[in-house]
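Structure data follow from work35.txt (compact mmCIF, N, CA and C atoms):
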```txt
# COMPACT_ATOMS: atom_id res chain seq x y z
N GLN A 1 67.52 125.95 27.09
CA GLN A 1 66.09 126.14 27.15
C GLN A 1 65.71 127.33 26.28
N VAL A 2 64.65 127.15 25.51
CA VAL A 2 64.15 128.21 24.63
C VAL A 2 62.68 128.43 24.94
N GLN A 3 62.30 129.65 25.11
CA GLN A 3 60.89 130.01 25.26
C GLN A 3 60.42 130.74 24.02
N LEU A 4 59.26 130.34 23.52
CA LEU A 4 58.73 130.89 22.28
C LEU A 4 57.39 131.56 22.56
N ILE A 5 57.22 132.75 22.03
CA ILE A 5 55.97 133.49 22.22
C ILE A 5 55.45 133.94 20.87
N GLU A 6 54.27 133.44 20.50
CA GLU A 6 53.64 133.82 19.23
C GLU A 6 52.76 135.06 19.42
N SER A 7 52.60 135.79 18.34
CA SER A 7 51.68 136.93 18.31
C SER A 7 51.22 137.14 16.88
N GLY A 8 50.20 137.97 16.73
CA GLY A 8 49.75 138.33 15.40
C GLY A 8 48.49 137.64 14.93
N GLY A 9 47.97 136.72 15.74
CA GLY A 9 46.73 136.08 15.35
C GLY A 9 45.54 137.02 15.44
N GLY A 10 44.42 136.57 14.93
CA GLY A 10 43.21 137.39 14.98
C GLY A 10 42.17 136.85 14.03
N THR A 11 41.18 137.68 13.77
CA THR A 11 40.10 137.32 12.86
C THR A 11 40.21 138.15 11.59
N VAL A 12 40.09 137.48 10.47
CA VAL A 12 40.22 138.16 9.18
C VAL A 12 39.22 137.54 8.21
N GLN A 13 38.78 138.31 7.25
CA GLN A 13 37.87 137.77 6.24
C GLN A 13 38.64 136.93 5.23
N ALA A 14 37.92 136.00 4.62
CA ALA A 14 38.52 135.18 3.58
C ALA A 14 39.12 136.07 2.50
N GLY A 15 40.32 135.68 2.05
CA GLY A 15 41.05 136.49 1.07
C GLY A 15 42.00 137.48 1.69
N GLY A 16 41.90 137.68 2.98
CA GLY A 16 42.74 138.63 3.68
C GLY A 16 44.09 138.05 4.06
N SER A 17 44.84 138.85 4.82
CA SER A 17 46.21 138.48 5.20
C SER A 17 46.44 138.70 6.69
N LEU A 18 47.36 137.95 7.23
CA LEU A 18 47.85 138.12 8.59
C LEU A 18 49.33 137.77 8.60
N ARG A 19 50.07 138.39 9.52
CA ARG A 19 51.46 138.00 9.72
C ARG A 19 51.64 137.58 11.17
N LEU A 20 52.03 136.35 11.35
CA LEU A 20 52.34 135.84 12.68
C LEU A 20 53.81 136.04 12.98
N SER A 21 54.08 136.30 14.25
CA SER A 21 55.46 136.42 14.71
C SER A 21 55.69 135.44 15.86
N CYS A 22 56.90 134.99 15.98
CA CYS A 22 57.28 134.11 17.09
C CYS A 22 58.66 134.56 17.56
N THR A 23 58.71 135.06 18.77
CA THR A 23 59.95 135.57 19.33
C THR A 23 60.49 134.59 20.36
N ALA A 24 61.79 134.33 20.26
CA ALA A 24 62.43 133.36 21.14
C ALA A 24 63.30 134.05 22.18
N SER A 25 63.35 133.46 23.35
CA SER A 25 64.26 133.96 24.38
C SER A 25 65.64 133.38 24.15
N GLY A 26 66.62 133.92 24.82
CA GLY A 26 67.96 133.36 24.74
C GLY A 26 68.78 133.98 23.62
N ARG A 27 70.07 133.64 23.62
CA ARG A 27 71.01 134.25 22.68
C ARG A 27 71.42 133.31 21.55
N THR A 28 70.83 132.13 21.49
CA THR A 28 71.27 131.14 20.51
C THR A 28 70.18 130.81 19.49
N PHE A 29 69.37 131.79 19.17
CA PHE A 29 68.25 131.57 18.25
C PHE A 29 68.74 130.98 16.93
N SER A 30 69.89 131.41 16.45
CA SER A 30 70.40 130.94 15.17
C SER A 30 70.88 129.49 15.23
N SER A 31 70.85 128.89 16.41
CA SER A 31 71.20 127.47 16.54
C SER A 31 70.01 126.56 16.32
N TYR A 32 68.86 127.14 16.01
CA TYR A 32 67.62 126.37 15.90
C TYR A 32 66.99 126.54 14.53
N SER A 33 66.53 125.41 13.98
CA SER A 33 65.60 125.47 12.87
C SER A 33 64.21 125.68 13.46
N MET A 34 63.36 126.35 12.70
CA MET A 34 62.06 126.73 13.21
C MET A 34 60.95 126.18 12.32
N GLY A 35 59.81 125.94 12.93
CA GLY A 35 58.66 125.47 12.18
C GLY A 35 57.39 126.13 12.66
N TRP A 36 56.40 126.16 11.78
CA TRP A 36 55.05 126.56 12.14
C TRP A 36 54.13 125.36 11.93
N PHE A 37 53.25 125.15 12.90
CA PHE A 37 52.25 124.11 12.82
C PHE A 37 50.90 124.74 13.13
N ARG A 38 49.84 124.00 12.86
CA ARG A 38 48.51 124.48 13.22
C ARG A 38 47.64 123.31 13.66
N GLN A 39 46.64 123.65 14.45
CA GLN A 39 45.72 122.62 14.94
C GLN A 39 44.32 123.19 15.01
N ALA A 40 43.43 122.59 14.25
CA ALA A 40 42.02 122.96 14.29
C ALA A 40 41.29 122.02 15.25
N PRO A 41 40.16 122.44 15.79
CA PRO A 41 39.43 121.60 16.74
C PRO A 41 39.12 120.22 16.15
N GLY A 42 39.45 119.19 16.92
CA GLY A 42 39.18 117.83 16.49
C GLY A 42 40.21 117.24 15.55
N ASN A 43 41.20 118.06 15.17
CA ASN A 43 42.22 117.59 14.24
C ASN A 43 43.57 117.44 14.93
N ASP A 44 44.44 116.66 14.31
CA ASP A 44 45.81 116.57 14.79
C ASP A 44 46.58 117.84 14.43
N ARG A 45 47.66 118.05 15.15
CA ARG A 45 48.53 119.18 14.81
C ARG A 45 49.22 118.87 13.49
N GLU A 46 49.18 119.84 12.55
CA GLU A 46 49.75 119.59 11.24
C GLU A 46 50.82 120.61 10.87
N PHE A 47 51.77 120.14 10.09
CA PHE A 47 52.88 120.96 9.64
C PHE A 47 52.41 122.02 8.65
N VAL A 48 52.95 123.22 8.79
CA VAL A 48 52.64 124.32 7.87
C VAL A 48 53.89 124.72 7.08
N ALA A 49 54.98 125.03 7.79
CA ALA A 49 56.19 125.50 7.12
C ALA A 49 57.38 125.37 8.06
N SER A 50 58.56 125.32 7.48
CA SER A 50 59.78 125.30 8.29
C SER A 50 60.87 126.10 7.60
N ILE A 51 61.87 126.49 8.39
CA ILE A 51 62.98 127.29 7.88
C ILE A 51 64.24 126.87 8.61
N ASN A 52 65.35 126.81 7.87
CA ASN A 52 66.59 126.38 8.50
C ASN A 52 67.20 127.52 9.33
N TRP A 53 68.30 127.24 9.98
CA TRP A 53 68.84 128.18 10.96
C TRP A 53 69.21 129.54 10.36
N SER A 54 69.65 129.54 9.10
CA SER A 54 70.10 130.79 8.50
C SER A 54 69.01 131.50 7.71
N GLY A 55 67.92 130.79 7.42
CA GLY A 55 66.87 131.35 6.60
C GLY A 55 67.06 131.11 5.12
N SER A 56 68.08 130.37 4.75
CA SER A 56 68.38 130.14 3.34
C SER A 56 67.54 129.05 2.70
N SER A 57 66.87 128.26 3.52
CA SER A 57 66.08 127.15 3.01
C SER A 57 64.75 127.08 3.73
N THR A 58 63.68 126.88 2.96
CA THR A 58 62.34 126.78 3.53
C THR A 58 61.60 125.57 2.95
N ASN A 59 60.57 125.17 3.65
CA ASN A 59 59.76 124.04 3.21
C ASN A 59 58.32 124.32 3.61
N TYR A 60 57.37 123.92 2.75
CA TYR A 60 55.96 124.23 2.99
C TYR A 60 55.08 123.01 2.78
N ALA A 61 54.00 122.97 3.53
CA ALA A 61 52.95 122.00 3.24
C ALA A 61 52.29 122.39 1.93
N ASP A 62 51.83 121.40 1.18
CA ASP A 62 51.25 121.68 -0.13
C ASP A 62 50.08 122.65 -0.05
N PHE A 63 49.31 122.57 1.01
CA PHE A 63 48.09 123.38 1.07
C PHE A 63 48.36 124.86 1.33
N VAL A 64 49.61 125.25 1.61
CA VAL A 64 49.92 126.67 1.81
C VAL A 64 50.90 127.22 0.78
N LYS A 65 51.41 126.35 -0.08
CA LYS A 65 52.37 126.81 -1.07
C LYS A 65 51.77 127.91 -1.95
N GLY A 66 52.52 128.98 -2.10
CA GLY A 66 52.06 130.11 -2.90
C GLY A 66 51.23 131.11 -2.12
N ARG A 67 50.82 130.75 -0.90
CA ARG A 67 50.01 131.66 -0.08
C ARG A 67 50.74 132.11 1.18
N PHE A 68 51.50 131.23 1.80
CA PHE A 68 52.20 131.54 3.05
C PHE A 68 53.70 131.64 2.78
N THR A 69 54.36 132.49 3.57
CA THR A 69 55.81 132.64 3.48
C THR A 69 56.40 132.65 4.89
N ILE A 70 57.36 131.78 5.12
CA ILE A 70 58.07 131.76 6.39
C ILE A 70 59.40 132.49 6.22
N SER A 71 59.77 133.26 7.23
CA SER A 71 61.04 133.97 7.19
C SER A 71 61.53 134.14 8.63
N ARG A 72 62.76 134.58 8.78
CA ARG A 72 63.30 134.78 10.13
C ARG A 72 64.27 135.95 10.11
N ASP A 73 64.40 136.57 11.29
CA ASP A 73 65.38 137.63 11.51
C ASP A 73 66.15 137.23 12.76
N ASN A 74 67.33 136.69 12.56
CA ASN A 74 68.09 136.19 13.71
C ASN A 74 68.55 137.33 14.63
N SER A 75 68.67 138.53 14.10
CA SER A 75 69.06 139.66 14.95
C SER A 75 67.95 140.05 15.91
N LYS A 76 66.71 139.63 15.59
CA LYS A 76 65.56 139.93 16.45
C LYS A 76 65.01 138.68 17.13
N ASN A 77 65.70 137.55 16.95
CA ASN A 77 65.24 136.28 17.55
C ASN A 77 63.79 135.97 17.17
N THR A 78 63.43 136.25 15.94
CA THR A 78 62.03 136.15 15.53
C THR A 78 61.88 135.41 14.21
N VAL A 79 60.86 134.56 14.16
CA VAL A 79 60.45 133.90 12.93
C VAL A 79 59.04 134.38 12.60
N TYR A 80 58.77 134.52 11.31
CA TYR A 80 57.49 135.07 10.85
C TYR A 80 56.77 134.07 9.96
N LEU A 81 55.46 134.23 9.91
CA LEU A 81 54.65 133.50 8.94
C LEU A 81 53.70 134.50 8.31
N GLN A 82 53.99 134.89 7.08
CA GLN A 82 53.10 135.77 6.34
C GLN A 82 52.06 134.92 5.64
N MET A 83 50.80 135.19 5.94
CA MET A 83 49.70 134.39 5.40
C MET A 83 48.82 135.27 4.53
N ASN A 84 48.77 134.95 3.26
CA ASN A 84 47.96 135.70 2.30
C ASN A 84 46.87 134.79 1.73
N SER A 85 45.88 135.41 1.11
CA SER A 85 44.78 134.66 0.48
C SER A 85 44.20 133.62 1.44
N LEU A 86 43.91 134.07 2.63
CA LEU A 86 43.45 133.14 3.66
C LEU A 86 42.08 132.57 3.32
N LYS A 87 41.90 131.32 3.73
CA LYS A 87 40.66 130.59 3.49
C LYS A 87 40.06 130.19 4.83
N SER A 88 38.78 129.87 4.81
CA SER A 88 38.13 129.48 6.07
C SER A 88 38.80 128.23 6.66
N GLU A 89 39.30 127.36 5.81
CA GLU A 89 39.94 126.14 6.30
C GLU A 89 41.31 126.39 6.93
N ASP A 90 41.80 127.63 6.86
CA ASP A 90 43.04 127.98 7.55
C ASP A 90 42.79 128.30 9.02
N THR A 91 41.54 128.34 9.43
CA THR A 91 41.20 128.62 10.82
C THR A 91 41.77 127.54 11.73
N ALA A 92 42.57 127.97 12.72
CA ALA A 92 43.23 127.04 13.62
C ALA A 92 44.04 127.83 14.64
N VAL A 93 44.54 127.12 15.63
CA VAL A 93 45.57 127.68 16.51
C VAL A 93 46.91 127.39 15.85
N TYR A 94 47.72 128.43 15.70
CA TYR A 94 49.01 128.30 15.05
C TYR A 94 50.12 128.32 16.11
N TYR A 95 51.03 127.36 15.98
CA TYR A 95 52.13 127.21 16.93
C TYR A 95 53.46 127.33 16.20
N CYS A 96 54.41 127.97 16.85
CA CYS A 96 55.77 127.89 16.34
C CYS A 96 56.54 126.89 17.20
N ALA A 97 57.58 126.33 16.61
CA ALA A 97 58.37 125.30 17.27
C ALA A 97 59.82 125.43 16.87
N ALA A 98 60.70 124.95 17.74
CA ALA A 98 62.14 125.05 17.52
C ALA A 98 62.80 123.69 17.72
N VAL A 99 63.80 123.42 16.89
CA VAL A 99 64.59 122.21 17.04
C VAL A 99 66.06 122.59 16.91
N PHE A 100 66.88 122.09 17.83
CA PHE A 100 68.30 122.43 17.84
C PHE A 100 69.01 121.82 16.64
N VAL A 101 69.88 122.60 16.04
CA VAL A 101 70.62 122.15 14.86
C VAL A 101 71.97 121.59 15.30
N LEU A 102 72.18 120.30 15.09
CA LEU A 102 73.44 119.67 15.49
C LEU A 102 74.56 119.97 14.51
N ASP A 103 74.23 120.02 13.22
CA ASP A 103 75.24 120.24 12.19
C ASP A 103 74.70 121.31 11.25
N ALA A 104 75.27 122.51 11.32
CA ALA A 104 74.77 123.63 10.52
C ALA A 104 75.02 123.46 9.03
N THR A 105 75.86 122.50 8.66
CA THR A 105 76.15 122.30 7.24
C THR A 105 75.10 121.43 6.56
N ILE A 106 74.26 120.81 7.35
CA ILE A 106 73.22 119.92 6.80
C ILE A 106 71.86 120.61 6.92
N VAL A 107 71.15 120.72 5.79
CA VAL A 107 69.81 121.28 5.80
C VAL A 107 68.82 120.12 5.87
N LYS A 108 68.08 120.06 6.95
CA LYS A 108 67.10 119.00 7.12
C LYS A 108 65.80 119.61 7.61
N HIS A 109 64.78 119.55 6.80
CA HIS A 109 63.49 120.09 7.19
C HIS A 109 62.66 119.02 7.87
N ARG A 110 62.09 119.37 8.99
CA ARG A 110 61.31 118.43 9.78
C ARG A 110 59.85 118.84 9.76
N SER A 111 58.99 117.89 9.47
CA SER A 111 57.56 118.19 9.38
C SER A 111 56.72 117.45 10.41
N SER A 112 57.37 116.69 11.27
CA SER A 112 56.63 115.98 12.32
C SER A 112 56.73 116.76 13.62
N PRO A 113 55.61 116.93 14.32
CA PRO A 113 55.68 117.62 15.62
C PRO A 113 56.65 116.95 16.59
N ASP A 114 56.81 115.64 16.46
CA ASP A 114 57.69 114.90 17.37
C ASP A 114 59.16 115.28 17.21
N ASP A 115 59.50 115.90 16.10
CA ASP A 115 60.90 116.26 15.83
C ASP A 115 61.32 117.55 16.52
N TYR A 116 60.39 118.30 17.05
CA TYR A 116 60.69 119.61 17.62
C TYR A 116 60.82 119.56 19.13
N ASP A 117 61.74 120.38 19.63
CA ASP A 117 62.07 120.36 21.05
C ASP A 117 61.26 121.35 21.88
N TYR A 118 60.94 122.48 21.30
CA TYR A 118 60.29 123.56 22.06
C TYR A 118 59.09 124.09 21.28
N TRP A 119 58.08 124.51 22.04
CA TRP A 119 56.82 124.99 21.45
C TRP A 119 56.36 126.27 22.12
N GLY A 120 55.71 127.11 21.33
CA GLY A 120 55.03 128.26 21.89
C GLY A 120 53.64 127.88 22.37
N GLN A 121 52.93 128.87 22.89
CA GLN A 121 51.61 128.61 23.47
C GLN A 121 50.51 128.64 22.44
N GLY A 122 50.81 129.14 21.24
CA GLY A 122 49.83 129.18 20.16
C GLY A 122 49.12 130.50 20.07
N THR A 123 48.68 130.82 18.85
CA THR A 123 47.89 132.02 18.61
C THR A 123 46.75 131.67 17.66
N GLN A 124 45.55 132.14 17.99
CA GLN A 124 44.36 131.77 17.24
C GLN A 124 44.26 132.59 15.96
N VAL A 125 44.00 131.90 14.86
CA VAL A 125 43.70 132.55 13.59
C VAL A 125 42.32 132.08 13.16
N THR A 126 41.43 133.04 12.94
CA THR A 126 40.07 132.74 12.51
C THR A 126 39.81 133.45 11.20
N VAL A 127 39.40 132.69 10.19
CA VAL A 127 39.10 133.26 8.88
C VAL A 127 37.61 133.10 8.64
N SER A 128 36.94 134.22 8.50
CA SER A 128 35.50 134.20 8.30
C SER A 128 35.18 134.23 6.81
N SER A 129 34.18 133.46 6.42
CA SER A 129 33.81 133.40 4.99
C SER A 129 32.67 134.34 4.67
```
As structure tokens, how would this structure be written, given the file I've shared?
Amino acid sequence: QVQLIESGGGTVQAGGSLRLSCTASGRTFSSYSMGWFRQAPGNDREFVASINWSGSSTNYADFVKGRFTISRDNSKNTVYLQMNSLKSEDTAVYYCAAVFVLDATIVKHRSSPDDYDYWGQGTQVTVSS
């Protein structure tokens, strides 16, 4: 069982930056690939970024490439999402998610919410124009 707690959300002006953090409980954080998703009112939950267990491989949705960076610190059981050049359309609740890695030699990025086993409670990001 993994518990995920997000933090770092808030309100920022367009063009500004925020860094989200997601801290996991337990001692096996490095056994999980991690993802960030977001959900705006009336919309489905959508993929933002993912990172493999070691942090050596990342994947991004096209709409955040060049603006957002996902990273992790396994010694702190934490995954981050650095968000720069924020736009009003980035306004949403942001969730982190974890999926257990069966084979650490295979890098497989998952972008469907159905692929993830554990979810945080979400943190609100509001970008004002």
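Those residues that approach Ser50 of chain A to within 5 Å, counting only N, CA and C atoms, are Met34, Gly35, Trp36, Thr58 and Asn59 of chain A; same-chain residues fewer than 5 positions away are not listed.
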| message | Calculated over only C-alpha atoms, which of the candidates A:Leu81, A:Phe100, A:Gly9, A:Asp117 has the smallest distance to Asn52 of chain A? | response | A:Phe100
| said: Residues within 6 Å of segment 90-97 of chain A, please, as a list in words. Count all atoms listed in the file; anything in the same chain fewer than 4 positions from it doesn't count. | reply: Ser33, Met34, Gly35, Trp36, Phe37, Arg38, Gln39, Ala40, Pro41, Tyr116, Tyr118, Trp119, Gly120, Gln121, Gly122, Thr123, Gln124, Val125, Thr126 and Val127 of chain A
| query | Expressed in Å to a single decimal, how great is the separation between atom N of Pro113 of chain A and atom CA of Ala61 of chain A? | reply | 12.5 Å
Using all atoms listed in the file, which residues of segment 73-113 of chain A come within 8 Å of segment 12-26 of chain A, and what is the closest atom pair for each, with the distance in Å to one decimal? Give it as CSV, sorted by chain and residue number.
```
residue,atom,partner,partner_atom,distance
A:Lys76,C,A:Ala24,N,6.3
A:Asn77,C,A:Ala24,N,4.0
A:Thr78,CA,A:Cys22,C,4.2
A:Val79,C,A:Cys22,N,4.0
A:Tyr80,CA,A:Leu20,C,4.4
A:Leu81,N,A:Leu20,C,3.9
A:Gln82,CA,A:Arg19,CA,4.4
A:Met83,N,A:Leu18,C,4.0
A:Asn84,CA,A:Ser17,CA,4.4
A:Ser85,CA,A:Gly15,C,4.1
A:Leu86,C,A:Gly15,N,3.8
A:Lys87,N,A:Gly15,N,4.9
A:Ser88,N,A:Ala14,CA,5.5
A:Tyr95,C,A:Cys22,CA,7.8
A:Cys96,CA,A:Cys22,CA,6.4
A:Ala97,N,A:Cys22,CA,7.8
```
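Between atom CA of Asp103 of chain A and atom CA of Arg72 of chain A the interatomic distance comes to 18.9 Å.
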| remark: The distance between atom CA of Val2 of chain A and atom CA of Asn43 of chain A is 26.5 Å
| task | Find, counting only C-alpha atoms, the residue in A:Ser71, A:Thr11, A:Thr105, A:Ser129 that gets nearest to Ser31 of chain A. | result | A:Thr105
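Among the candidate residues A:Phe47, A:Tyr32, A:Phe68, A:Phe63, the one lying nearest to Lys108 of chain A is A:Tyr32, with distances computed using only C-alpha atoms.
Distances to Glu46 of chain A were evaluated for A:Ser128, A:Asp73, A:His109, A:Asp114 using only C-alpha atoms, and the minimum falls at A:Asp114.
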| said: Using DSSP secondary structure from the backbone, list all strand (DSSP E) positions within segment 26-99 of chain A, as a PyMOL selection string. | reply: chain A and resi 32-39+46-51+58-60+68-73+78-83+92-99
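Among the candidates A:Glu6, A:Val107, A:Ser112, A:Arg45, the residue lying nearest to Ser57 of chain A is A:Val107 (atoms considered: all atoms listed in the file).
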Return the padded bounding box of segment 91-96 of chain A as AutoDock Vina command-line options: axis-aligned, built from all atoms listed in the file, 8 Å added on each side, with centre and edge lengths in Å to one decimal.
```
--center_x 48.9 --center_y 127.8 --center_z 13.3 --size_x 31.3 --size_y 17.7 --size_z 23.8
```
